[in-house]
Amino acid sequence: MAVALLYLYYERESSELVRQSANKARAISFAVGRELVGIETVLLAMAGSSNLLAGDLEAFDPQAREIVRGQRIANILLVDLHGQQLINTRAKPGEPLGMHGDPELVKNVVATRRPVISGLFIGTVTKRPLVSVGVPVLRGDEVLYVLTASILPERIGEIFIQQQVDDEEAVGVLDGTGTVVARSQDGEANIGLVASRLVTDAIKVSEQGVLAFTTADGDGAQFVYNRSPRTGWTSYIILTDERLRRNFWRILGMLMAATAMSLTAALGMAWVIGGHITRTIKALGPPALALGSGKPLAVPHLPILEVNDVGQSIVKASEILNVATSALRTGEARMRAILESAMDAIITLDDKQTIVLFNSAAARVFECPAEQAIGSPITRFIPERFHARHHDYVGKSRERTEVFGEPEIAAGLRHGHEEFPVEVSYSHVVESGAIFHTLIIRDVTARERALAALERSNQDLQQFAYVASHDLKTPLRSINGFVQVLAKNYADKLDEKAVLLIQRTQDAARRLEQLTDDLLLYARISSEAKPFARVDCAEVVQEVIQLLDAAINNSGAVITVEKLPSLPGDRTQLVQLFLNLISNGIKYCRDRTPVIHVSAIQDDQNWIFSVQDNGIGIDSKHHGRIFEVFKRLHTQQEYPGTGIGLSVCRRVIDRHRGKLWLTSVVGQGSTFKFSIPKATVEGPST
């Protein structure tokens, strides 16, 4: 009977330890998720910086460095869509920057346009294991940059101290790929190791559980884990059978020795001892019932060692539970503070579309107090024509695995029945079997008005440039004609200085007429734009070569063309684009035969064209300036022109939703490159 009771105690203690370990793994998983979500929240706030959206990276850099000092973050990186670092708070100003250490993180953020948590990787500057959180920097629907923040595994390891992990517990955290990010025992040796196939398969199947396995020493062990659905990370605790058997064998040995020495006396004392054991065990009843009350427990020292251990375990479990409860309450308070301080309206609905949460921003945006909104249907704040669309997005949000979907432009309805434009993101969460939907709503009235005003201003400016350049041509022709008559009929009656002045007047009139023609062409990019159609770029380049036949023959230029694609576009504007780039290659070539090569390659989404020449080249400090209107690097005597050609090229590429850039070596030539999406959607002209 003694052995049977001891075995039952062992089983109960084992189950209790597994349960405690599961609770602790859950608490650690919650704490890790809170840390990562906190960093994500900071990055999302930074992504809305006006300096960042305006492209003023010099002003944004000190802001990022200040946040690193205040948030215990290893570094903050701002990278372009290809992973090239633009800002690195660990690097000195002006220091050359490399690529992001985790290109998959950058690629996933750009592809999904939502926050992404990376796995463990080695930082390019720190050369240490890091974990990054990345968010997109959005301007409307366009991803401008990717903003990431990295933390060291030691920060995750600090959570073990906060959760009061003792020296005997092997506690660790795995990232979304099953790689060890932190571990309480032999942390440096284990960081970066990948969990076994048995573990990774089990984590994919369920968010929490217990796995039995055999250690390298041949001892049995249990792997207790909890995976966070928010971050995809897993916290685990390894319990070895040796730890569970330690007290069992010690007490069993004492019991067997005592039984052998006092077998005769035991029969007489059985009743007394049985009563004593019963009273001792019953003494644990009140503390056990008070477990979870939130009040400190005090279990007096009990004379039976096993029962006393259970009593102390109850005290320890109570302390752990109180810490977890306090952390949960603190987290709830923080979440409530975030909700109430948010600038955007946040509304939570139950599955019947009834409002259960209505933050202060929502009350301000919809001009309705929260106490009046809670309990009412959400359709109260949606115009009737958007009801079906809202129900459709709610249904789609259930099928999404991400936290927040793409923002949708819709309309809201204020308490006074006034409609206004809004931007809405949908998400859902399941709690205790019930589905709750969250709507994040932003009032974009001011933005829509500003965009409309900007569009009207652009149209007015384009019309003015078109009319002004068109009306200038008639008086210019008259001036040029009068000067020609004067030169023809009166040249012999004028002195040499007057003849020189007439020639300079003719040159100025011709330059002004050319400038007017170029300005008219620049204005026509928008005012006379044609709808996109399928264009064969090889035919376009051949047409340009025919137009430049005289310049090619006079200069002896050699033009080679590789196989070029067909794509959607404006044929007239593409002819002007290649005409400007190829003619520049011929014009800006000195003391050598111009050699120009036209080619194209493709990536996943774009065709990338190259126009390479062997001309005079352009210093890198002028690369941004040459695309501005009227910006020239040479005088009229050196190379005639108006400084509008490359500006026209940039406007054509902008309308085709592409990018234009160049690489150049002074004295060796330049390569102008531009990209056009394979499935081009016509863009607005600026």
# chains A, B, ... in the order shown; residues from 1 in each chain; ligands from 1
>>> select_by_dssp(residues="segment 198-293 of chain A", states="alpha helix (DSSP H)", output="PyMOL selection string")
chain A and resi 198-205+241-261+263-282+285-290
>>> write_last_selection(atoms="C-alpha atoms", output="compact mmCIF listing (two decimals), in the first residue's frame")
# COMPACT_ATOMS: atom_id res chain seq x y z
CA LEU A 198 9.06 15.55 -34.42
CA VAL A 199 8.82 18.94 -32.68
CA THR A 200 8.22 21.06 -35.81
CA ASP A 201 5.49 18.69 -37.04
CA ALA A 202 3.74 18.76 -33.66
CA ILE A 203 3.87 22.57 -33.49
CA LYS A 204 2.23 22.86 -36.92
CA VAL A 205 -0.66 20.61 -35.84
CA ASP A 241 12.09 11.87 -15.95
CA GLU A 242 15.20 12.06 -13.74
CA ARG A 243 13.87 15.25 -12.18
CA LEU A 244 10.50 13.62 -11.51
CA ARG A 245 12.06 10.44 -10.08
CA ARG A 246 14.50 12.20 -7.75
CA ASN A 247 12.24 12.53 -4.71
CA PHE A 248 10.47 9.28 -5.55
CA TRP A 249 13.59 7.09 -5.15
CA ARG A 250 14.81 8.94 -2.06
CA ILE A 251 11.53 8.56 -0.23
CA LEU A 252 11.09 4.96 -1.40
CA GLY A 253 14.50 4.02 -0.01
CA MET A 254 13.69 5.57 3.34
CA LEU A 255 10.33 3.81 3.36
CA MET A 256 11.82 0.39 2.64
CA ALA A 257 14.48 0.79 5.35
CA ALA A 258 11.97 1.99 7.90
CA THR A 259 9.57 -0.82 6.96
CA ALA A 260 12.27 -3.47 7.43
CA MET A 261 13.22 -2.08 10.87
CA LEU A 263 7.49 -4.04 10.55
CA THR A 264 6.17 -5.33 13.87
CA ALA A 265 5.57 -1.87 15.37
CA ALA A 266 4.01 -0.66 12.13
CA LEU A 267 0.97 -2.90 12.49
CA GLY A 268 0.20 -1.41 15.90
CA MET A 269 0.87 2.11 14.82
CA ALA A 270 -0.94 1.87 11.45
CA TRP A 271 -4.13 3.40 12.72
CA VAL A 272 -2.34 6.31 14.44
CA ILE A 273 -0.10 6.98 11.47
CA GLY A 274 -3.01 6.73 9.03
CA GLY A 275 -4.93 9.36 10.98
CA HIS A 276 -1.86 11.56 11.11
CA ILE A 277 -1.37 11.32 7.35
CA THR A 278 -5.02 12.07 6.73
CA ARG A 279 -4.97 15.19 8.88
CA THR A 280 -1.77 16.40 7.23
CA ILE A 281 -3.16 15.97 3.73
CA LYS A 282 -6.42 17.63 4.71
CA GLY A 285 -7.34 21.59 1.36
CA PRO A 286 -7.89 25.27 2.29
CA PRO A 287 -4.70 26.47 0.48
CA ALA A 288 -5.66 24.44 -2.59
CA LEU A 289 -9.17 25.91 -2.60
CA ALA A 290 -7.70 29.43 -2.20
>>> residues_around(residues="Leu297 of chain A", least_positions_apart="3", cutoff="12 Å", atoms="only C-alpha atoms", output="list in words")
Leu284, Pro286, Pro287, Ala288, Leu289, Ala290, Leu291, Gly292, Ser293, Gly294, Pro300, Gly311, Gln312, Ser313, Ile314, Val315, Lys316, Ala317, Ser318, Glu319, Ile320, Leu321 and Asn322 of chain A
>>> write_last_selection(atoms="N, CA, C and O atoms", output="PDB file, in the first residue's frame")
ATOM      1  N   LEU A 284      -3.885  20.630   3.449  1.00  0.00           N
ATOM      2  CA  LEU A 284      -3.638  21.277   2.158  1.00  0.00           C
ATOM      3  C   LEU A 284      -4.924  21.724   1.478  1.00  0.00           C
ATOM      4  O   LEU A 284      -4.879  22.438   0.481  1.00  0.00           O
ATOM      5  N   PRO A 286      -7.609  23.827   2.382  1.00  0.00           N
ATOM      6  CA  PRO A 286      -7.887  25.270   2.294  1.00  0.00           C
ATOM      7  C   PRO A 286      -6.921  26.021   1.369  1.00  0.00           C
ATOM      8  O   PRO A 286      -7.376  26.828   0.557  1.00  0.00           O
ATOM      9  N   PRO A 287      -5.565  25.784   1.443  1.00  0.00           N
ATOM     10  CA  PRO A 287      -4.698  26.473   0.482  1.00  0.00           C
ATOM     11  C   PRO A 287      -5.014  26.117  -0.973  1.00  0.00           C
ATOM     12  O   PRO A 287      -4.965  26.975  -1.853  1.00  0.00           O
ATOM     13  N   ALA A 288      -5.336  24.839  -1.223  1.00  0.00           N
ATOM     14  CA  ALA A 288      -5.657  24.436  -2.591  1.00  0.00           C
ATOM     15  C   ALA A 288      -6.911  25.136  -3.083  1.00  0.00           C
ATOM     16  O   ALA A 288      -6.991  25.571  -4.238  1.00  0.00           O
ATOM     17  N   LEU A 289      -7.940  25.238  -2.202  1.00  0.00           N
ATOM     18  CA  LEU A 289      -9.173  25.912  -2.595  1.00  0.00           C
ATOM     19  C   LEU A 289      -8.948  27.409  -2.810  1.00  0.00           C
ATOM     20  O   LEU A 289      -9.643  28.039  -3.618  1.00  0.00           O
ATOM     21  N   ALA A 290      -7.979  27.994  -2.072  1.00  0.00           N
ATOM     22  CA  ALA A 290      -7.703  29.430  -2.204  1.00  0.00           C
ATOM     23  C   ALA A 290      -6.791  29.746  -3.383  1.00  0.00           C
ATOM     24  O   ALA A 290      -6.551  30.912  -3.685  1.00  0.00           O
ATOM     25  N   LEU A 291      -6.285  28.686  -4.059  1.00  0.00           N
ATOM     26  CA  LEU A 291      -5.391  28.897  -5.191  1.00  0.00           C
ATOM     27  C   LEU A 291      -6.130  29.644  -6.303  1.00  0.00           C
ATOM     28  O   LEU A 291      -7.220  29.281  -6.708  1.00  0.00           O
ATOM     29  N   GLY A 292      -5.540  30.687  -6.787  1.00  0.00           N
ATOM     30  CA  GLY A 292      -6.167  31.479  -7.836  1.00  0.00           C
ATOM     31  C   GLY A 292      -6.992  32.633  -7.321  1.00  0.00           C
ATOM     32  O   GLY A 292      -7.561  33.388  -8.111  1.00  0.00           O
ATOM     33  N   SER A 293      -7.088  32.798  -5.986  1.00  0.00           N
ATOM     34  CA  SER A 293      -7.875  33.904  -5.446  1.00  0.00           C
ATOM     35  C   SER A 293      -7.166  35.244  -5.603  1.00  0.00           C
ATOM     36  O   SER A 293      -7.772  36.296  -5.454  1.00  0.00           O
ATOM     37  N   GLY A 294      -5.857  35.194  -5.889  1.00  0.00           N
ATOM     38  CA  GLY A 294      -5.097  36.426  -6.018  1.00  0.00           C
ATOM     39  C   GLY A 294      -4.464  36.881  -4.723  1.00  0.00           C
ATOM     40  O   GLY A 294      -3.672  37.823  -4.717  1.00  0.00           O
ATOM     41  N   PRO A 300       1.673  26.325   6.421  1.00  0.00           N
ATOM     42  CA  PRO A 300       2.626  26.028   7.505  1.00  0.00           C
ATOM     43  C   PRO A 300       3.432  24.778   7.187  1.00  0.00           C
ATOM     44  O   PRO A 300       3.029  23.950   6.367  1.00  0.00           O
ATOM     45  N   GLY A 311       2.521  21.191  -0.500  1.00  0.00           N
ATOM     46  CA  GLY A 311       2.084  22.474   0.041  1.00  0.00           C
ATOM     47  C   GLY A 311       2.923  23.621  -0.498  1.00  0.00           C
ATOM     48  O   GLY A 311       2.392  24.676  -0.888  1.00  0.00           O
ATOM     49  N   GLN A 312       4.254  23.412  -0.519  1.00  0.00           N
ATOM     50  CA  GLN A 312       5.117  24.451  -1.055  1.00  0.00           C
ATOM     51  C   GLN A 312       4.907  24.641  -2.561  1.00  0.00           C
ATOM     52  O   GLN A 312       5.018  25.763  -3.081  1.00  0.00           O
ATOM     53  N   SER A 313       4.586  23.520  -3.249  1.00  0.00           N
ATOM     54  CA  SER A 313       4.269  23.632  -4.675  1.00  0.00           C
ATOM     55  C   SER A 313       3.007  24.451  -4.889  1.00  0.00           C
ATOM     56  O   SER A 313       2.906  25.228  -5.846  1.00  0.00           O
ATOM     57  N   ILE A 314       2.028  24.262  -3.990  1.00  0.00           N
ATOM     58  CA  ILE A 314       0.798  25.058  -4.090  1.00  0.00           C
ATOM     59  C   ILE A 314       1.121  26.538  -3.898  1.00  0.00           C
ATOM     60  O   ILE A 314       0.600  27.409  -4.608  1.00  0.00           O
ATOM     61  N   VAL A 315       1.999  26.833  -2.932  1.00  0.00           N
ATOM     62  CA  VAL A 315       2.393  28.226  -2.711  1.00  0.00           C
ATOM     63  C   VAL A 315       3.082  28.790  -3.954  1.00  0.00           C
ATOM     64  O   VAL A 315       2.791  29.917  -4.405  1.00  0.00           O
ATOM     65  N   LYS A 316       4.002  28.000  -4.529  1.00  0.00           N
ATOM     66  CA  LYS A 316       4.721  28.462  -5.708  1.00  0.00           C
ATOM     67  C   LYS A 316       3.778  28.630  -6.898  1.00  0.00           C
ATOM     68  O   LYS A 316       3.863  29.604  -7.655  1.00  0.00           O
ATOM     69  N   ALA A 317       2.856  27.657  -7.055  1.00  0.00           N
ATOM     70  CA  ALA A 317       1.874  27.773  -8.144  1.00  0.00           C
ATOM     71  C   ALA A 317       1.020  29.015  -7.972  1.00  0.00           C
ATOM     72  O   ALA A 317       0.681  29.694  -8.950  1.00  0.00           O
ATOM     73  N   SER A 318       0.677  29.319  -6.728  1.00  0.00           N
ATOM     74  CA  SER A 318      -0.111  30.520  -6.473  1.00  0.00           C
ATOM     75  C   SER A 318       0.663  31.774  -6.857  1.00  0.00           C
ATOM     76  O   SER A 318       0.115  32.707  -7.457  1.00  0.00           O
ATOM     77  N   GLU A 319       1.965  31.788  -6.515  1.00  0.00           N
ATOM     78  CA  GLU A 319       2.790  32.944  -6.872  1.00  0.00           C
ATOM     79  C   GLU A 319       2.883  33.104  -8.391  1.00  0.00           C
ATOM     80  O   GLU A 319       2.759  34.213  -8.926  1.00  0.00           O
ATOM     81  N   ILE A 320       3.118  31.976  -9.104  1.00  0.00           N
ATOM     82  CA  ILE A 320       3.207  32.035 -10.569  1.00  0.00           C
ATOM     83  C   ILE A 320       1.889  32.504 -11.165  1.00  0.00           C
ATOM     84  O   ILE A 320       1.853  33.346 -12.072  1.00  0.00           O
ATOM     85  N   LEU A 321       0.785  31.953 -10.629  1.00  0.00           N
ATOM     86  CA  LEU A 321      -0.528  32.339 -11.138  1.00  0.00           C
ATOM     87  C   LEU A 321      -0.810  33.815 -10.877  1.00  0.00           C
ATOM     88  O   LEU A 321      -1.383  34.511 -11.722  1.00  0.00           O
ATOM     89  N   ASN A 322      -0.417  34.298  -9.703  1.00  0.00           N
ATOM     90  CA  ASN A 322      -0.629  35.717  -9.388  1.00  0.00           C
ATOM     91  C   ASN A 322       0.180  36.621 -10.322  1.00  0.00           C
ATOM     92  O   ASN A 322      -0.301  37.671 -10.755  1.00  0.00           O
TER      93      ASN A 322
END
>>> closest_residue(among="A:Glu169, A:Asp443, A:Glu13, A:Asp392", to="Phe223 of chain A", atoms="only C-alpha atoms")
A:Glu169
>>> atom_distance(atom1="atom CA of Pro565 of chain A", atom2="atom CA of Arg657 of chain A")
17.0 Å
>>> closest_atom_pairs(of="segment 129-245 of chain A", to="segment 35-50 of chain A", cutoff="7 Å", atoms="only C-alpha atoms", output="CSV")
residue,atom,partner,partner_atom,distance
A:Val133,CA,A:Glu40,CA,6.3
A:Val135,CA,A:Leu44,CA,6.5
A:Val137,CA,A:Ala47,CA,5.0
A:Leu147,CA,A:Leu43,CA,6.9
>>> atom_distance(atom1="atom CA of Phe386 of chain A", atom2="atom CA of Arg442 of chain A")
16.3 Å
>>> residues_around(residues="Leu579 of chain A", least_positions_apart="6", cutoff="10 Å", atoms="only C-alpha atoms", output="list in words")
Val540, Val541, Glu543, Val544, Ile545, Leu547, Leu548, Gln573, Gly585, Gly645 and Cys649 of chain A
>>> write_last_selection(atoms="N, CA and C atoms", output="short mmCIF file (atom, residue, chain, number, x, y, z; two decimals), in the first residue's frame")
data_model
loop_
_atom_site.label_atom_id
_atom_site.label_comp_id
_atom_site.auth_asym_id
_atom_site.auth_seq_id
_atom_site.Cartn_x
_atom_site.Cartn_y
_atom_site.Cartn_z
N VAL A 540 9.24 50.26 -82.34
CA VAL A 540 9.43 51.63 -81.87
C VAL A 540 10.88 52.07 -82.06
N VAL A 541 11.82 51.21 -81.68
CA VAL A 541 13.24 51.56 -81.81
C VAL A 541 13.64 51.71 -83.28
N GLU A 543 11.68 52.68 -85.70
CA GLU A 543 11.13 53.96 -86.14
C GLU A 543 12.02 55.12 -85.68
N VAL A 544 12.54 55.04 -84.45
CA VAL A 544 13.43 56.09 -83.94
C VAL A 544 14.72 56.14 -84.77
N ILE A 545 15.26 54.98 -85.13
CA ILE A 545 16.49 54.95 -85.94
C ILE A 545 16.26 55.62 -87.29
N LEU A 547 14.03 58.03 -87.86
CA LEU A 547 13.91 59.47 -87.60
C LEU A 547 15.28 60.11 -87.41
N LEU A 548 16.25 59.36 -86.87
CA LEU A 548 17.58 59.90 -86.60
C LEU A 548 18.57 59.55 -87.71
N GLN A 573 4.40 58.20 -77.01
CA GLN A 573 5.29 58.60 -75.91
C GLN A 573 6.52 57.70 -75.82
N GLY A 585 22.66 60.01 -76.76
CA GLY A 585 23.86 59.19 -76.89
C GLY A 585 24.70 59.59 -78.08
N GLY A 645 14.51 67.38 -72.55
CA GLY A 645 14.42 66.01 -73.06
C GLY A 645 14.32 64.95 -71.99
N CYS A 649 11.33 62.31 -70.70
CA CYS A 649 11.52 60.88 -70.47
C CYS A 649 10.97 60.47 -69.11
#
>>> closest_residue(among="A:Val598, A:Ala4, A:Ile552, A:Ala373", to="Ala538 of chain A", atoms="only C-alpha atoms")
A:Val598
>>> residues_around(residues="Glu384 of chain A", least_positions_apart="5", cutoff="12 Å", atoms="only C-alpha atoms", output="PyMOL selection string")
chain A and resi 378-379+389-391+410-413+417+419
>>> write_last_selection(atoms="N, CA and C atoms", output="PDB file, in the first residue's frame")
ATOM      1  N   ILE A 378     -23.642  47.854 -36.383  1.00  0.00           N
ATOM      2  CA  ILE A 378     -22.630  48.663 -37.055  1.00  0.00           C
ATOM      3  C   ILE A 378     -23.216  49.376 -38.268  1.00  0.00           C
ATOM      4  N   THR A 379     -24.292  48.810 -38.861  1.00  0.00           N
ATOM      5  CA  THR A 379     -24.888  49.447 -40.046  1.00  0.00           C
ATOM      6  C   THR A 379     -25.425  50.834 -39.731  1.00  0.00           C
ATOM      7  N   ARG A 389     -21.491  45.506 -49.200  1.00  0.00           N
ATOM      8  CA  ARG A 389     -20.024  45.478 -49.301  1.00  0.00           C
ATOM      9  C   ARG A 389     -19.389  45.195 -47.949  1.00  0.00           C
ATOM     10  N   HIS A 390     -19.952  45.795 -46.886  1.00  0.00           N
ATOM     11  CA  HIS A 390     -19.422  45.548 -45.547  1.00  0.00           C
ATOM     12  C   HIS A 390     -19.567  44.077 -45.166  1.00  0.00           C
ATOM     13  N   HIS A 391     -20.737  43.491 -45.379  1.00  0.00           N
ATOM     14  CA  HIS A 391     -20.945  42.083 -45.029  1.00  0.00           C
ATOM     15  C   HIS A 391     -20.025  41.178 -45.839  1.00  0.00           C
ATOM     16  N   ALA A 410     -14.108  53.385 -48.320  1.00  0.00           N
ATOM     17  CA  ALA A 410     -15.558  53.296 -48.267  1.00  0.00           C
ATOM     18  C   ALA A 410     -16.071  54.637 -47.760  1.00  0.00           C
ATOM     19  N   ALA A 411     -17.249  54.613 -47.151  1.00  0.00           N
ATOM     20  CA  ALA A 411     -17.842  55.833 -46.607  1.00  0.00           C
ATOM     21  C   ALA A 411     -18.441  55.522 -45.247  1.00  0.00           C
ATOM     22  N   GLY A 412     -18.344  56.499 -44.348  1.00  0.00           N
ATOM     23  CA  GLY A 412     -18.945  56.393 -43.029  1.00  0.00           C
ATOM     24  C   GLY A 412     -20.136  57.326 -42.918  1.00  0.00           C
ATOM     25  N   LEU A 413     -20.881  57.149 -41.828  1.00  0.00           N
ATOM     26  CA  LEU A 413     -22.088  57.948 -41.609  1.00  0.00           C
ATOM     27  C   LEU A 413     -22.030  58.493 -40.193  1.00  0.00           C
ATOM     28  N   HIS A 417     -26.067  61.851 -39.687  1.00  0.00           N
ATOM     29  CA  HIS A 417     -26.376  61.339 -41.026  1.00  0.00           C
ATOM     30  C   HIS A 417     -25.568  62.043 -42.113  1.00  0.00           C
ATOM     31  N   GLU A 419     -22.391  61.876 -44.572  1.00  0.00           N
ATOM     32  CA  GLU A 419     -21.442  60.920 -45.118  1.00  0.00           C
ATOM     33  C   GLU A 419     -20.047  61.550 -45.213  1.00  0.00           C
TER      34      GLU A 419
END
>>> select_by_dssp(residues="segment 252-452 of chain A", states="strand (DSSP E)", output="number ranges by chain")
A: 345-349, 355-358, 408-413, 419-431, 434-443
>>> residues_around(residues="Ile616 of chain A", least_positions_apart="5", cutoff="9 Å", atoms="only C-alpha atoms", output="VMD selection string")
chain A and resid 588 to 590 665 to 670
>>> atom_distance(atom1="atom CA of Ser206 of chain A", atom2="atom CA of Val224 of chain A")
12.1 Å
>>> residues_around(residues="Gly83 of chain A", least_positions_apart="2", cutoff="10 Å", atoms="only C-alpha atoms", output="VMD selection string")
chain A and resid 78 to 81 85 to 86 98 to 107 145 to 146
>>> closest_residue(among="A:Lys92, A:His387, A:His301, A:Arg12", to="Val125 of chain A", atoms="only C-alpha atoms")
A:Lys92
>>> closest_residue(among="A:Ala31, A:Ala361, A:Ala149, A:Ala498", to="Thr231 of chain A", atoms="only C-alpha atoms")
A:Ala31
>>> decode(residues="segment 214-234 of chain A", atoms="N, CA and C atoms", output="compact mmCIF listing (two decimals), in the first residue's frame")
# COMPACT_ATOMS: atom_id res chain seq x y z
N THR A 214 13.11 10.69 -25.99
CA THR A 214 14.28 10.16 -25.27
C THR A 214 15.47 11.07 -25.52
N THR A 215 16.16 11.45 -24.45
CA THR A 215 17.31 12.34 -24.58
C THR A 215 18.51 11.58 -25.13
N ALA A 216 19.59 12.35 -25.44
CA ALA A 216 20.81 11.73 -25.94
C ALA A 216 21.43 10.79 -24.90
N ASP A 217 21.13 11.01 -23.60
CA ASP A 217 21.65 10.13 -22.55
C ASP A 217 20.79 8.90 -22.35
N GLY A 218 19.73 8.75 -23.14
CA GLY A 218 18.86 7.60 -23.00
C GLY A 218 17.78 7.78 -21.96
N ASP A 219 17.67 8.93 -21.36
CA ASP A 219 16.65 9.17 -20.33
C ASP A 219 15.38 9.70 -21.00
N GLY A 220 14.24 9.38 -20.42
CA GLY A 220 12.97 9.88 -20.92
C GLY A 220 12.78 11.34 -20.56
N ALA A 221 12.00 12.05 -21.38
CA ALA A 221 11.72 13.46 -21.13
C ALA A 221 10.42 13.83 -21.82
N GLN A 222 9.88 14.99 -21.40
CA GLN A 222 8.65 15.50 -21.98
C GLN A 222 8.88 16.93 -22.46
N PHE A 223 8.39 17.21 -23.67
CA PHE A 223 8.53 18.52 -24.31
C PHE A 223 7.18 19.22 -24.22
N VAL A 224 7.08 20.22 -23.31
CA VAL A 224 5.82 20.95 -23.09
C VAL A 224 5.92 22.27 -23.85
N TYR A 225 4.98 22.53 -24.77
CA TYR A 225 5.11 23.71 -25.63
C TYR A 225 3.81 24.47 -25.73
N ASN A 226 3.95 25.72 -26.15
CA ASN A 226 2.80 26.60 -26.43
C ASN A 226 3.19 27.53 -27.56
N ARG A 227 2.43 27.51 -28.66
CA ARG A 227 2.71 28.35 -29.83
C ARG A 227 1.73 29.52 -29.88
N SER A 228 2.27 30.71 -30.09
CA SER A 228 1.43 31.92 -30.18
C SER A 228 0.86 32.04 -31.58
N PRO A 229 -0.46 32.09 -31.73
CA PRO A 229 -1.04 32.27 -33.08
C PRO A 229 -0.74 33.64 -33.66
N ARG A 230 -0.41 34.61 -32.79
CA ARG A 230 -0.15 35.97 -33.28
C ARG A 230 1.22 36.07 -33.95
N THR A 231 2.25 35.51 -33.30
CA THR A 231 3.62 35.63 -33.82
C THR A 231 4.11 34.38 -34.52
N GLY A 232 3.49 33.21 -34.25
CA GLY A 232 3.98 31.96 -34.80
C GLY A 232 5.17 31.41 -34.05
N TRP A 233 5.58 32.05 -32.93
CA TRP A 233 6.71 31.60 -32.12
C TRP A 233 6.21 30.61 -31.06
N THR A 234 7.12 29.74 -30.60
CA THR A 234 6.77 28.69 -29.65
C THR A 234 7.67 28.76 -28.42
